[in-house]
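S.K.: model-v2.txt (compact mmCIF, C-alpha atoms) pasted underneath:
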```
# COMPACT_ATOMS: atom_id res chain seq x y z
CA MET A 1 0.00 0.00 0.00
CA GLN A 2 1.62 3.23 -1.18
CA ILE A 3 1.64 5.95 1.48
CA GLY A 4 2.06 9.66 0.73
CA ILE A 5 3.13 12.32 3.20
CA LEU A 6 2.00 15.94 2.76
CA GLY A 7 4.03 18.00 5.21
CA SER A 8 7.35 16.34 5.84
CA GLY A 9 8.24 18.03 9.13
CA ASN A 10 8.57 16.41 12.55
CA VAL A 11 5.25 14.52 12.38
CA GLY A 12 5.35 13.52 8.72
CA GLY A 13 9.02 12.61 8.98
CA ALA A 14 8.54 10.43 12.07
CA LEU A 15 5.54 8.52 10.70
CA GLY A 16 6.98 8.20 7.20
CA ARG A 17 10.17 6.67 8.62
CA ARG A 18 8.21 4.25 10.81
CA TRP A 19 5.90 3.17 7.99
CA ALA A 20 8.82 2.68 5.60
CA ALA A 21 10.59 0.66 8.29
CA ALA A 22 7.40 -1.44 8.63
CA GLY A 23 7.57 -2.29 4.92
CA HIS A 24 5.33 0.31 3.25
CA PRO A 25 6.53 2.31 0.25
CA VAL A 26 6.44 6.01 1.20
CA LEU A 27 6.40 9.17 -0.93
CA PHE A 28 7.35 12.42 0.80
CA ALA A 29 5.78 15.42 -0.99
CA SER A 30 7.88 18.53 -1.43
CA ARG A 31 7.98 21.60 -3.61
CA GLU A 32 11.70 20.78 -3.90
CA PRO A 33 11.96 16.99 -4.05
CA ASP A 34 15.65 17.23 -4.93
CA SER A 35 16.65 19.47 -2.00
CA PRO A 36 19.33 18.32 0.47
CA ARG A 37 16.75 18.28 3.28
CA MET A 38 14.49 15.89 1.37
CA ALA A 39 17.47 13.75 0.35
CA ALA A 40 18.42 13.40 4.01
CA LEU A 41 14.85 12.49 5.01
CA VAL A 42 14.58 9.92 2.23
CA ALA A 43 17.95 8.43 3.16
CA ALA A 44 16.87 8.16 6.82
CA ALA A 45 13.61 6.44 5.79
CA GLY A 46 15.42 3.78 3.76
CA PRO A 47 15.02 2.14 0.37
CA LEU A 48 11.20 2.16 0.35
CA ALA A 49 11.05 5.98 0.50
CA ARG A 50 11.43 8.72 -2.09
CA ALA A 51 10.46 12.35 -2.59
CA ALA A 52 7.98 13.67 -5.15
CA THR A 53 5.74 16.63 -5.91
CA ALA A 54 2.45 16.93 -4.04
CA ALA A 55 0.49 16.13 -7.20
CA GLU A 56 2.48 12.96 -7.86
CA THR A 57 2.33 11.99 -4.20
CA VAL A 58 -1.47 12.12 -4.05
CA ALA A 59 -1.97 10.62 -7.51
CA SER A 60 0.32 7.66 -6.74
CA SER A 61 -0.73 6.93 -3.15
CA ASP A 62 -3.54 4.91 -1.62
CA ILE A 63 -3.30 6.74 1.69
CA VAL A 64 -2.02 10.28 2.26
CA LEU A 65 -0.97 11.64 5.65
CA LEU A 66 -1.64 15.37 5.99
CA ALA A 67 0.78 16.80 8.56
CA THR A 68 1.10 20.47 7.69
CA PRO A 69 1.17 23.46 10.04
CA TRP A 70 -2.44 24.63 10.22
CA PRO A 71 -1.96 27.96 8.36
CA ALA A 72 -0.51 26.02 5.38
CA THR A 73 -3.18 23.33 5.33
CA ARG A 74 -5.78 24.79 3.01
CA ASP A 75 -3.27 25.56 0.27
CA ALA A 76 -1.57 22.20 0.80
CA VAL A 77 -4.70 20.18 0.03
CA ALA A 78 -6.36 22.38 -2.60
CA ASN A 79 -6.43 21.23 -6.23
CA LEU A 80 -5.05 17.75 -5.74
CA PRO A 81 -6.56 14.52 -7.17
CA TRP A 82 -8.27 13.33 -3.96
CA GLU A 83 -11.09 11.25 -5.46
CA GLY A 84 -11.29 7.98 -3.49
CA LYS A 85 -8.03 8.56 -1.63
CA ILE A 86 -7.76 8.00 2.09
CA LEU A 87 -6.65 11.23 3.73
CA ILE A 88 -5.30 10.98 7.29
CA ASP A 89 -5.73 14.41 8.85
CA ALA A 90 -3.06 14.82 11.54
CA THR A 91 -3.36 18.61 11.70
CA ASN A 92 -4.82 20.77 14.45
CA PRO A 93 -6.47 24.15 13.75
CA LEU A 94 -4.42 25.93 16.42
CA LEU A 95 -4.78 29.64 16.98
CA PRO A 96 -1.57 31.66 17.51
CA ALA A 97 0.04 31.21 20.96
CA LEU A 98 -2.06 28.04 21.47
CA ALA A 99 -4.96 30.32 22.49
CA GLY A 100 -7.57 27.87 21.25
CA LEU A 101 -8.79 26.31 18.02
CA GLU A 102 -9.85 28.11 14.87
CA PHE A 103 -12.69 25.59 14.47
CA ALA A 104 -14.23 24.04 17.56
CA ASN A 105 -17.30 22.51 19.15
CA THR A 106 -19.79 22.93 16.28
CA THR A 107 -17.25 22.00 13.59
CA SER A 108 -13.61 20.91 13.43
CA GLY A 109 -10.48 21.24 11.41
CA ALA A 110 -11.09 17.74 10.06
CA GLU A 111 -14.49 18.72 8.70
CA GLN A 112 -12.87 21.75 7.05
CA VAL A 113 -10.16 19.57 5.54
CA ALA A 114 -12.85 17.25 4.17
CA ALA A 115 -14.50 20.27 2.53
CA TRP A 116 -11.17 21.43 1.08
CA ALA A 117 -10.31 17.98 -0.32
CA PRO A 118 -13.51 16.89 -2.09
CA GLY A 119 -13.59 13.17 -2.82
CA ALA A 120 -11.10 12.29 -0.09
CA ARG A 121 -12.08 9.73 2.57
CA VAL A 122 -10.91 11.66 5.62
CA VAL A 123 -9.81 9.99 8.85
CA LYS A 124 -8.64 12.12 11.78
CA ALA A 125 -5.64 10.51 13.44
CA PHE A 126 -2.11 11.14 14.72
CA ASN A 127 -3.12 14.63 15.86
CA THR A 128 -3.34 14.01 19.60
CA ILE A 129 0.31 13.43 20.53
CA GLY A 130 3.66 14.95 19.62
CA TYR A 131 6.12 13.70 17.04
CA ASN A 132 8.40 12.42 19.80
CA ILE A 133 5.65 10.00 20.85
CA MET A 134 5.31 8.92 17.21
CA GLU A 135 9.02 8.13 17.19
CA ASN A 136 8.53 5.92 20.25
CA PRO A 137 4.91 5.11 21.17
CA THR A 138 5.85 2.68 23.93
CA PHE A 139 5.15 3.62 27.56
CA HIS A 140 5.98 1.18 30.34
CA GLY A 141 6.52 -1.51 27.73
CA ALA A 142 3.08 -1.19 26.11
CA PRO A 143 1.81 0.67 23.03
CA VAL A 144 0.09 3.91 23.93
CA THR A 145 -3.44 4.78 22.77
CA LEU A 146 -4.11 6.48 19.44
CA LEU A 147 -7.65 7.75 18.92
CA TYR A 148 -9.00 8.16 15.39
CA CYS A 149 -12.36 8.95 13.80
CA GLY A 150 -13.94 9.12 10.36
CA ASP A 151 -17.03 8.38 8.28
CA ASP A 152 -15.64 5.70 5.91
CA PRO A 153 -15.30 2.27 7.58
CA ALA A 154 -12.79 0.87 5.09
CA ALA A 155 -10.63 3.99 5.35
CA LYS A 156 -10.75 3.75 9.13
CA ALA A 157 -9.73 0.10 9.05
CA ALA A 158 -6.71 0.99 6.90
CA VAL A 159 -5.69 3.80 9.25
CA ARG A 160 -6.16 1.55 12.26
CA SER A 161 -3.75 -0.90 10.68
CA LEU A 162 -1.22 1.86 9.98
CA ALA A 163 -1.51 3.06 13.59
CA ALA A 164 -0.68 -0.44 14.77
CA ASP A 165 2.21 -0.59 12.25
CA ALA A 166 3.54 2.64 13.80
CA GLY A 167 3.46 1.03 17.25
CA PHE A 168 0.22 2.44 18.71
CA ALA A 169 -2.83 0.84 20.28
CA PRO A 170 -5.55 2.32 18.02
CA GLU A 171 -9.01 3.16 19.43
CA ASP A 172 -12.03 4.10 17.31
CA ALA A 173 -13.67 7.37 18.44
CA GLY A 174 -16.55 7.18 15.95
CA ARG A 175 -17.59 9.47 13.11
CA LEU A 176 -15.55 12.35 11.71
CA LEU A 177 -17.47 14.87 13.82
CA ARG A 178 -15.69 13.39 16.87
CA ALA A 179 -12.71 15.41 15.61
CA ARG A 180 -14.51 18.21 17.48
CA LEU A 181 -13.32 16.36 20.59
CA LEU A 182 -10.02 14.93 19.34
CA GLU A 183 -8.74 18.40 18.39
CA PRO A 184 -9.28 19.88 21.89
CA PHE A 185 -7.76 16.64 23.23
CA ALA A 186 -4.71 17.43 21.11
CA LEU A 187 -4.58 20.95 22.51
CA LEU A 188 -4.78 19.46 26.02
CA TRP A 189 -1.68 17.35 25.30
CA ILE A 190 0.07 20.34 23.74
CA SER A 191 -0.84 22.62 26.66
CA LEU A 192 0.37 20.18 29.29
CA ALA A 193 3.55 19.42 27.34
CA MET A 194 4.46 22.96 26.28
CA LEU A 195 2.80 25.36 28.72
CA GLU A 196 2.24 23.52 32.01
CA GLY A 197 5.66 22.05 32.61
CA TYR A 198 4.99 18.38 31.89
CA GLY A 199 7.36 18.24 28.94
CA ARG A 200 6.80 16.24 25.77
CA ASP A 201 7.29 12.71 27.16
CA ILE A 202 3.67 12.27 28.22
CA ALA A 203 0.72 10.43 26.73
CA PHE A 204 -2.84 9.55 27.64
CA SER A 205 -3.74 5.89 27.58
CA LEU A 206 -7.32 4.68 27.45
CA LEU A 207 -7.75 2.01 30.10
CA ARG A 208 -10.54 -0.51 30.43
CA ARG A 209 -11.41 -1.84 33.85
CA ASN A 210 -10.83 -5.42 32.85
CA ASP A 211 -7.83 -4.98 30.58
CA THR A 212 -4.85 -7.11 31.18
CA MET A 213 -2.00 -4.63 31.41
CA VAL A 214 0.88 -5.71 29.20
CA LEU A 215 4.21 -4.84 30.78
CA MET B 1 -12.37 20.36 56.76
CA GLN B 2 -16.14 20.60 56.21
CA ILE B 3 -17.19 19.60 52.69
CA GLY B 4 -20.51 20.62 51.11
CA ILE B 5 -22.16 18.90 48.15
CA LEU B 6 -24.47 20.89 45.84
CA GLY B 7 -26.18 18.35 43.61
CA SER B 8 -26.47 15.04 45.42
CA GLY B 9 -26.98 12.77 42.42
CA ASN B 10 -24.63 10.07 41.15
CA VAL B 11 -21.50 12.24 41.18
CA GLY B 12 -22.17 14.17 44.38
CA GLY B 13 -23.34 11.01 46.13
CA ALA B 14 -20.28 8.98 45.11
CA LEU B 15 -17.74 11.64 46.11
CA GLY B 16 -19.58 12.60 49.30
CA ARG B 17 -19.60 8.98 50.42
CA ARG B 18 -15.90 8.56 49.65
CA TRP B 19 -14.90 11.78 51.43
CA ALA B 20 -16.99 10.90 54.48
CA ALA B 21 -15.39 7.46 54.48
CA ALA B 22 -11.98 9.19 54.34
CA GLY B 23 -12.81 11.11 57.53
CA HIS B 24 -14.21 14.42 56.25
CA PRO B 25 -17.50 15.81 57.59
CA VAL B 26 -19.90 16.14 54.63
CA LEU B 27 -23.07 18.21 54.18
CA PHE B 28 -25.39 17.20 51.34
CA ALA B 29 -27.49 20.17 50.19
CA SER B 30 -31.14 19.56 49.40
CA ARG B 31 -34.34 21.52 49.09
CA GLU B 32 -35.82 18.70 51.18
CA PRO B 33 -33.12 17.71 53.70
CA ASP B 34 -35.62 15.50 55.55
CA SER B 35 -36.77 13.49 52.52
CA PRO B 36 -36.38 9.70 52.48
CA ARG B 37 -33.93 9.93 49.56
CA MET B 38 -31.62 12.24 51.51
CA ALA B 39 -31.96 10.10 54.64
CA ALA B 40 -30.84 7.07 52.63
CA LEU B 41 -27.86 8.97 51.15
CA VAL B 42 -26.80 10.26 54.57
CA ALA B 43 -27.13 6.79 56.08
CA ALA B 44 -24.98 5.33 53.29
CA ALA B 45 -22.33 8.01 53.84
CA GLY B 46 -22.04 7.26 57.55
CA PRO B 47 -21.86 9.24 60.78
CA LEU B 48 -19.85 12.17 59.37
CA ALA B 49 -22.60 13.08 56.86
CA ARG B 50 -25.85 15.00 57.17
CA ALA B 51 -28.27 16.88 54.93
CA ALA B 52 -28.91 20.64 54.99
CA THR B 53 -30.25 23.48 52.88
CA ALA B 54 -28.02 24.91 50.16
CA ALA B 55 -27.55 28.13 52.12
CA GLU B 56 -26.47 26.28 55.28
CA THR B 57 -24.26 23.94 53.24
CA VAL B 58 -22.29 26.75 51.63
CA ALA B 59 -22.18 28.89 54.79
CA SER B 60 -20.89 26.01 56.91
CA SER B 61 -18.41 24.45 54.45
CA ASP B 62 -14.81 25.19 53.56
CA ILE B 63 -15.07 23.40 50.22
CA VAL B 64 -18.21 22.92 48.14
CA LEU B 65 -18.53 20.38 45.33
CA LEU B 66 -20.87 21.55 42.55
CA ALA B 67 -22.29 18.50 40.78
CA THR B 68 -25.57 19.64 39.29
CA PRO B 69 -26.98 18.86 35.84
CA TRP B 70 -25.89 21.76 33.65
CA PRO B 71 -29.35 23.31 33.12
CA ALA B 72 -29.79 23.55 36.92
CA THR B 73 -26.34 24.99 37.60
CA ARG B 74 -26.93 28.72 37.38
CA ASP B 75 -29.89 28.65 39.76
CA ALA B 76 -28.05 26.25 42.06
CA VAL B 77 -25.12 28.63 42.66
CA ALA B 78 -26.91 32.00 42.55
CA ASN B 79 -27.37 33.98 45.77
CA LEU B 80 -25.28 31.82 48.07
CA PRO B 81 -22.55 33.08 50.46
CA TRP B 82 -19.52 32.16 48.31
CA GLU B 83 -17.01 34.73 49.58
CA GLY B 84 -13.69 32.92 50.11
CA LYS B 85 -15.18 29.45 49.68
CA ILE B 86 -13.48 26.86 47.51
CA LEU B 87 -15.91 25.76 44.80
CA ILE B 88 -15.10 22.53 42.96
CA ASP B 89 -16.88 22.69 39.61
CA ALA B 90 -17.61 19.14 38.49
CA THR B 91 -20.26 20.16 35.95
CA ASN B 92 -20.09 20.09 32.16
CA PRO B 93 -22.03 22.57 29.99
CA LEU B 94 -23.47 19.80 27.80
CA LEU B 95 -25.89 20.60 25.02
CA PRO B 96 -28.93 18.32 24.59
CA ALA B 97 -28.16 14.91 23.06
CA LEU B 98 -24.43 15.45 23.84
CA ALA B 99 -24.24 17.56 20.68
CA GLY B 100 -21.46 19.72 22.06
CA LEU B 101 -20.82 22.24 24.82
CA GLU B 102 -22.81 25.39 25.54
CA PHE B 103 -19.54 27.19 26.28
CA ALA B 104 -16.37 26.13 24.49
CA ASN B 105 -12.99 27.14 23.15
CA THR B 106 -13.05 30.87 24.00
CA THR B 107 -14.70 30.36 27.39
CA SER B 108 -15.89 27.44 29.51
CA GLY B 109 -18.57 26.36 31.90
CA ALA B 110 -16.10 26.82 34.75
CA GLU B 111 -15.53 30.45 33.84
CA GLN B 112 -19.32 30.94 33.75
CA VAL B 113 -19.69 29.28 37.16
CA ALA B 114 -17.01 31.62 38.52
CA ALA B 115 -19.02 34.58 37.22
CA TRP B 116 -22.23 33.21 38.77
CA ALA B 117 -20.61 32.59 42.19
CA PRO B 118 -18.73 35.84 42.88
CA GLY B 119 -16.15 35.48 45.63
CA ALA B 120 -15.78 31.72 45.18
CA ARG B 121 -12.32 30.25 44.51
CA VAL B 122 -13.25 27.95 41.62
CA VAL B 123 -11.36 24.76 40.78
CA LYS B 124 -12.50 22.61 37.87
CA ALA B 125 -12.25 18.93 38.81
CA PHE B 126 -14.14 15.64 38.85
CA ASN B 127 -15.82 16.52 35.55
CA THR B 128 -13.83 14.27 33.22
CA ILE B 129 -14.98 10.81 34.30
CA GLY B 130 -18.27 9.16 35.26
CA TYR B 131 -19.59 8.56 38.75
CA ASN B 132 -18.79 4.86 38.43
CA ILE B 133 -15.10 5.75 38.14
CA MET B 134 -15.46 7.97 41.23
CA GLU B 135 -16.86 4.98 43.11
CA ASN B 136 -13.78 2.97 42.12
CA PRO B 137 -10.89 4.98 40.62
CA THR B 138 -8.50 2.03 40.52
CA PHE B 139 -7.49 0.57 37.15
CA HIS B 140 -5.03 -2.30 36.99
CA GLY B 141 -4.22 -1.77 40.64
CA ALA B 142 -3.25 1.90 40.29
CA PRO B 143 -5.15 5.15 40.86
CA VAL B 144 -6.36 6.68 37.61
CA THR B 145 -5.58 10.27 36.57
CA LEU B 146 -7.77 13.19 37.63
CA LEU B 147 -7.03 16.50 35.90
CA TYR B 148 -7.94 19.77 37.63
CA CYS B 149 -7.36 23.46 37.01
CA GLY B 150 -7.93 26.79 38.72
CA ASP B 151 -6.51 30.23 39.48
CA ASP B 152 -6.10 29.99 43.30
CA PRO B 153 -3.06 27.91 44.33
CA ALA B 154 -4.27 27.18 47.87
CA ALA B 155 -7.69 26.11 46.60
CA LYS B 156 -6.02 23.85 44.04
CA ALA B 157 -3.83 22.27 46.71
CA ALA B 158 -6.92 21.49 48.80
CA VAL B 159 -8.72 19.95 45.81
CA ARG B 160 -5.63 17.96 44.90
CA SER B 161 -5.64 16.50 48.39
CA LEU B 162 -9.35 15.66 48.15
CA ALA B 163 -8.77 13.98 44.79
CA ALA B 164 -6.11 11.81 46.39
CA ASP B 165 -8.47 11.10 49.32
CA ALA B 166 -11.05 9.91 46.77
CA GLY B 167 -8.48 7.51 45.31
CA PHE B 168 -7.28 9.40 42.21
CA ALA B 169 -3.85 10.40 40.94
CA PRO B 170 -4.36 14.18 40.62
CA GLU B 171 -2.64 16.15 37.84
CA ASP B 172 -2.53 19.96 37.62
CA ALA B 173 -3.71 21.27 34.22
CA GLY B 174 -2.97 24.93 35.00
CA ARG B 175 -5.23 27.98 35.24
CA LEU B 176 -9.01 27.95 35.21
CA LEU B 177 -9.10 28.70 31.48
CA ARG B 178 -7.78 25.16 30.90
CA ALA B 179 -11.37 24.13 31.66
CA ARG B 180 -11.84 25.01 27.98
CA LEU B 181 -9.91 21.78 27.37
CA LEU B 182 -11.06 19.70 30.35
CA GLU B 183 -14.73 20.13 29.38
CA PRO B 184 -14.24 18.76 25.82
CA PHE B 185 -12.09 16.03 27.43
CA ALA B 186 -15.12 15.18 29.57
CA LEU B 187 -17.34 15.06 26.50
CA LEU B 188 -14.78 12.73 24.87
CA TRP B 189 -15.11 10.32 27.83
CA ILE B 190 -18.90 10.65 27.75
CA SER B 191 -19.05 10.10 23.98
CA LEU B 192 -16.85 7.00 24.07
CA ALA B 193 -18.70 5.60 27.09
CA MET B 194 -22.26 6.38 26.03
CA LEU B 195 -22.30 6.72 22.23
CA GLU B 196 -19.38 4.72 20.83
CA GLY B 197 -19.86 1.40 22.60
CA TYR B 198 -16.98 1.50 25.07
CA GLY B 199 -19.24 1.46 28.12
CA ARG B 200 -18.61 3.34 31.34
CA ASP B 201 -15.68 1.31 32.68
CA ILE B 202 -13.01 3.31 30.86
CA ALA B 203 -10.60 6.02 31.92
CA PHE B 204 -7.70 7.97 30.49
CA SER B 205 -4.45 7.83 32.41
CA LEU B 206 -1.69 10.34 31.91
CA LEU B 207 1.57 8.44 31.51
CA ARG B 208 5.08 9.78 31.77
CA ARG B 209 7.83 8.05 29.85
CA ASN B 210 9.88 7.40 32.94
CA ASP B 211 7.11 6.64 35.41
CA THR B 212 7.40 3.58 37.48
CA MET B 213 4.10 1.86 36.87
CA VAL B 214 2.55 0.81 40.18
CA LEU B 215 0.71 -2.46 39.84
```
Can you present the structure in this file as structure tokens?
M.R.:
Amino acid sequence: MQIGILGSGNVGGALGRRWAAAGHPVLFASREPDSPRMAALVAAAGPLARAATAAETVASSDIVLLATPWPATRDAVANLPWEGKILIDATNPLLPALAGLEFANTTSGAEQVAAWAPGARVVKAFNTIGYNIMENPTFHGAPVTLLYCGDDPAAKAAVRSLAADAGFAPEDAGRLLRARLLEPFALLWISLAMLEGYGRDIAFSLLRRNDTMVL
Amino acid sequence: MQIGILGSGNVGGALGRRWAAAGHPVLFASREPDSPRMAALVAAAGPLARAATAAETVASSDIVLLATPWPATRDAVANLPWEGKILIDATNPLLPALAGLEFANTTSGAEQVAAWAPGARVVKAFNTIGYNIMENPTFHGAPVTLLYCGDDPAAKAAVRSLAADAGFAPEDAGRLLRARLLEPFALLWISLAMLEGYGRDIAFSLLRRNDTMVL
């Protein structure tokens, strides 16, 4: 399954490397696919990775991870061949200085992204924890929770599988409108990590009363 | 330390019983302190508990837990002697059918409660999990996380101690405006538990990379 990455920063880089290491071919989109930065990223991701334009990345991929800074998101997804593609929205519509969310409560960034990428099968995922957790999703010897949501069951099943491939314990949060809750949940992680002194090495795990804890 | 409970339903009943069992005197507020329902609650909470009017409860207590259904909250807190009292806001400003929050993103229910109870030192807490978790906050042998926030450090320290007395692992989420994130976090728990098939025996625990897991 060909995976494309739109936004090859900390988040896109970490997940692209992990998915390539798990055996998936990965395309990193860039306006400058031949730049030294992209060459270094591709080299770090190994032989299954290469860089390409955004148009080629979306056209050639079955699943595309969107991991752009929020202000760049609309332009990043506009005018690409989304029809039938699975789009993993890992963005968060953060206001400057983490003051809140541009879209909240009665809509969400994910619903905006779905409107901006007509034809795409949007799944919200990988937005609720930092890139450092994506690089190592193991806490106390067990995979940490990754919540996702979306309206297309087959797309969600594919993303669930990719979350497991990246080392997470995926948990289904329901329809895409649950992004209205997953985006504030992301801002909670960000606020604790960046503003409240917890640092970035934290994660929330969803526990069930009768789980057997794997240590 | 005298504790008052405004809203003696599932949440107020569970926490009042636990605090009385932990050695705190507890007043349960009621419009009908002599009713059979209140007599049963007081009997279940033991010799440190009794029922009283809302005015007596607030006047006589150092800390008051607010655990009313959201539509009853404004009337429940209006015109009571709040000056200097610690008010634990365990409510959530839920819209009908769990469609969202009445206040979100740029304000919060907690900030509204603070405006409705002038003089009170408001701490948001005990809003993010169901009453069944309050009755038994232990998952896999360890206390589960309870996030709280507020603007008064001494009030927060008192609530932190009460959270520990109730069996939780308390975690400071910062100033009262972080209720803008703790209230959507509550709705995430509620949505998973009630709408997405997880059931009520779930909880989120905040993990640190280098924690020693207590089992």
S.K.: Can you list, as a PyMOL selection string, every protein, DNA or RNA residue that comes within 8 Å of range 155-165 of chain A when you count only C-alpha atoms, leaving out same-chain residues fewer than 2 positions away?
M.R.: chain A and resi 18-19+22+86+88+121-123+125+146+148-153+167-171
S.K.: Filtering to C-alpha atoms, could you give me those residues as a compact mmCIF listing (two decimals), keeping the file's coordinate frame?
M.R.:
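Below is the file that was written, out_4.txt:
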```
# COMPACT_ATOMS: atom_id res chain seq x y z
CA ARG A 18 8.21 4.25 10.81
CA TRP A 19 5.90 3.17 7.99
CA ALA A 22 7.40 -1.44 8.63
CA ILE A 86 -7.76 8.00 2.09
CA ILE A 88 -5.30 10.98 7.29
CA ARG A 121 -12.08 9.73 2.57
CA VAL A 122 -10.91 11.66 5.62
CA VAL A 123 -9.81 9.99 8.85
CA ALA A 125 -5.64 10.51 13.44
CA LEU A 146 -4.11 6.48 19.44
CA TYR A 148 -9.00 8.16 15.39
CA CYS A 149 -12.36 8.95 13.80
CA GLY A 150 -13.94 9.12 10.36
CA ASP A 151 -17.03 8.38 8.28
CA ASP A 152 -15.64 5.70 5.91
CA PRO A 153 -15.30 2.27 7.58
CA GLY A 167 3.46 1.03 17.25
CA PHE A 168 0.22 2.44 18.71
CA ALA A 169 -2.83 0.84 20.28
CA PRO A 170 -5.55 2.32 18.02
CA GLU A 171 -9.01 3.16 19.43
```
S.K.: Go ahead and compute the interatomic distance for CA of Leu182 in chain B and CA of Asn79 in chain B, in Å to one decimal.
M.R.: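 According to the coordinates, CA of Leu182 in chain B and CA of Asn79 in chain B are separated by 26.6 Å.
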S.K.: Between A:Asn105, A:Asn132, A:Ser191, A:Ser60, which is the closest to Arg178 in chain B once you count only C-alpha atoms?
M.R.: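 So, comparing all the options, the nearest one is A:Ser191.
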S.K.: Find the residues in chain B near chain A: any atom within 10 Å counts, using only C-alpha atoms. Write them as a count of residues only.
M.R.: 57
S.K.: If I take CA of Ala49 in chain B and CA of Glu32 in chain B, how far is one from the other in Å, to one decimal?
M.R.: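 Going from CA of Ala49 in chain B over to CA of Glu32 in chain B covers 15.4 Å.
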S.K.: Enter the distance from CA of Gly7 in chain A to CA of Pro143 in chain A, in Å, rounded to one decimal.
M.R.: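 Pair CA of Gly7 in chain A / CA of Pro143 in chain A returns 25.0 Å.
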S.K.: Pull range 153-164 of chain A out of the block and emit N, CA and C atoms, as a CSV table (one decimal), in the first residue's frame.
M.R.:
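What ended up in decode06.csv:
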```csv
chain,number,residue,atom,x,y,z
A,153,PRO,N,-15.8,3.4,6.8
A,153,PRO,CA,-15.3,2.3,7.6
A,153,PRO,C,-14.1,1.6,7.0
A,154,ALA,N,-14.0,1.5,5.7
A,154,ALA,CA,-12.8,0.9,5.1
A,154,ALA,C,-11.6,1.8,5.3
A,155,ALA,N,-11.7,3.1,5.1
A,155,ALA,CA,-10.6,4.0,5.4
A,155,ALA,C,-10.2,3.9,6.8
A,156,LYS,N,-11.1,3.8,7.7
A,156,LYS,CA,-10.7,3.8,9.1
A,156,LYS,C,-10.0,2.5,9.4
A,157,ALA,N,-10.4,1.4,8.8
A,157,ALA,CA,-9.7,0.1,9.1
A,157,ALA,C,-8.3,0.2,8.6
A,158,ALA,N,-8.1,0.8,7.4
A,158,ALA,CA,-6.7,1.0,6.9
A,158,ALA,C,-5.9,1.8,7.8
A,159,VAL,N,-6.4,2.9,8.4
A,159,VAL,CA,-5.7,3.8,9.3
A,159,VAL,C,-5.4,3.1,10.6
A,160,ARG,N,-6.4,2.3,11.0
A,160,ARG,CA,-6.2,1.5,12.3
A,160,ARG,C,-5.0,0.6,12.1
A,161,SER,N,-4.9,0.0,10.9
A,161,SER,CA,-3.8,-0.9,10.7
A,161,SER,C,-2.4,-0.1,10.6
A,162,LEU,N,-2.4,1.0,10.0
A,162,LEU,CA,-1.2,1.9,10.0
A,162,LEU,C,-0.8,2.4,11.4
A,163,ALA,N,-1.8,2.6,12.2
A,163,ALA,CA,-1.5,3.1,13.6
A,163,ALA,C,-0.8,1.9,14.3
A,164,ALA,N,-1.3,0.7,14.1
A,164,ALA,CA,-0.7,-0.4,14.8
A,164,ALA,C,0.7,-0.6,14.2
```
